[in-house]
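Take a look at the structure below.
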Amino acid sequence: MPIITNQATLRTSVADWLNRTDLSNDQLDQFIEMGEAKIYETLRVPPLEKLSSFTVTVANSSITLPSGFIEVISLEKSGSTKDEDIILGRVDEKTFANNKVTNAYIRVGGNLLLTDGNGEQKASGTYILRYYKADEPIGTVDSGTEVTTQFILDTEYEVILFAALSVASIYLGDGEAEQKYNELLNRKIGALNQKEKLASLKGGQFSAAIPYPGI
């Protein structure tokens with residue numbers, strides 16, 4: 001059984017791998033938090049996919065992005081039948097501002113601005129956003145009130161271990177270790193992303209595995 005199951009055991013493992021006993025819990029937690037942010041820059045797998053429905057009004061013609069949002073997968077206006085559903089296209093800000101592009105969107109800060117079927121920023125109706133969402137912070141797992149499962153910690157804990165070690169190595173000024181842990185992290189994320197692509201092409205389902213049972 002893996003010994004990394006929560007924030008406390010992750011802290012211990014990071015300190016053990018670094019062979020350091022002088023790092024505080026606050027420092028280790030910062031390495032973990034920054035490691036999480038590092039992971040979500042490139043990890044794109046089904047367990048991070050979410051769906052949200054929004055009622056858009058002409059008054060603002062926009063969607064407020066959900067908490068933990070990483071990246072849009074698709075944005076769809078829901079019609080009365082499946083044949084009437086409309087997939088919106090993302091455009092750049094210049095195109096959005098200077099041209100009447102129908103059923104388009106751009107991201108501005110924490111919002112998506114939308115155009116309607118006439119290219120006007122007067123969209124309304126029900127919109128379905130499919131997107132990648134970061135897991136809740138690992139620190140919430142210990143609380144027992146907000147999170148019951150967390151993909152990275154529960155299934156792919158070596159990803160956060162390598163990410164935290166990479167960040168810690170920067171703090172400790174160890175360039176060789178940073179390079180090593182970055183390579184391990186990138187290999188793991190690359191393998192997970194590639195597994196998703198292959199599963200999609202073959203019509204199969206993505207499944208995660210624990211390749212380092214001794215950690």
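All residue names refer to the structure tokens as shown: chains lettered A, B, ... in order, residues numbered from 1 in each chain, ligands numbered from 1 in order.
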According to DSSP computed on the backbone, where in chain A is there strand (DSSP E or B)? Give the residues as a VMD selection string. chain A and resid 49 to 56 62 to 64 69 to 77 86 to 87 89 to 90 104 to 108 111 to 114 125 to 133
Show me a table, sorted first by chain and then by increasing residue number, of the residues of segment 14-50 of chain A having an atom at most 9 Å from segment 66-88 of chain A, each with its shortest atom pair and the distance in Å to one decimal, counting only C-alpha atoms and written as JSON lines.
{"residue": "A:Tyr40", "atom": "CA", "partner": "A:Ile70", "partner_atom": "CA", "distance": 7.4}
{"residue": "A:Glu41", "atom": "CA", "partner": "A:Ile70", "partner_atom": "CA", "distance": 8.2}
{"residue": "A:Glu49", "atom": "CA", "partner": "A:Ile73", "partner_atom": "CA", "distance": 8.4}
Would you save the residues from that selection as a PDB file, in the first residue's frame, using C-alpha atoms?
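So out_16.pdb came out as:
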ATOM      1  CA  TYR A  40      -2.288  21.949 -13.861  1.00  0.00           C
ATOM      2  CA  GLU A  41      -0.266  23.879 -16.418  1.00  0.00           C
ATOM      3  CA  GLU A  49     -13.207  17.289 -16.915  1.00  0.00           C
TER       4      GLU A  49
END
Write out as a PyMOL selection string each polymer residue whose atoms come within 10 Å of Ala177 of chain A, counting only C-alpha atoms; drop sequence neighbours fewer than 3 positions from it. chain A and resi 18+165-170+172-174+180-183
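Neighbouring residues of Asn193 of chain A at 7 Å or closer, counting only C-alpha atoms and skipping chain neighbours under 5 positions away, are A:Leu43, A:Arg44, A:Val45.
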For a quick check of understanding, using only C-alpha atoms, which of A:Ala97, A:Leu112, A:Lys38, A:Ala104 has the smallest distance to Thr64 of chain A? A:Leu112
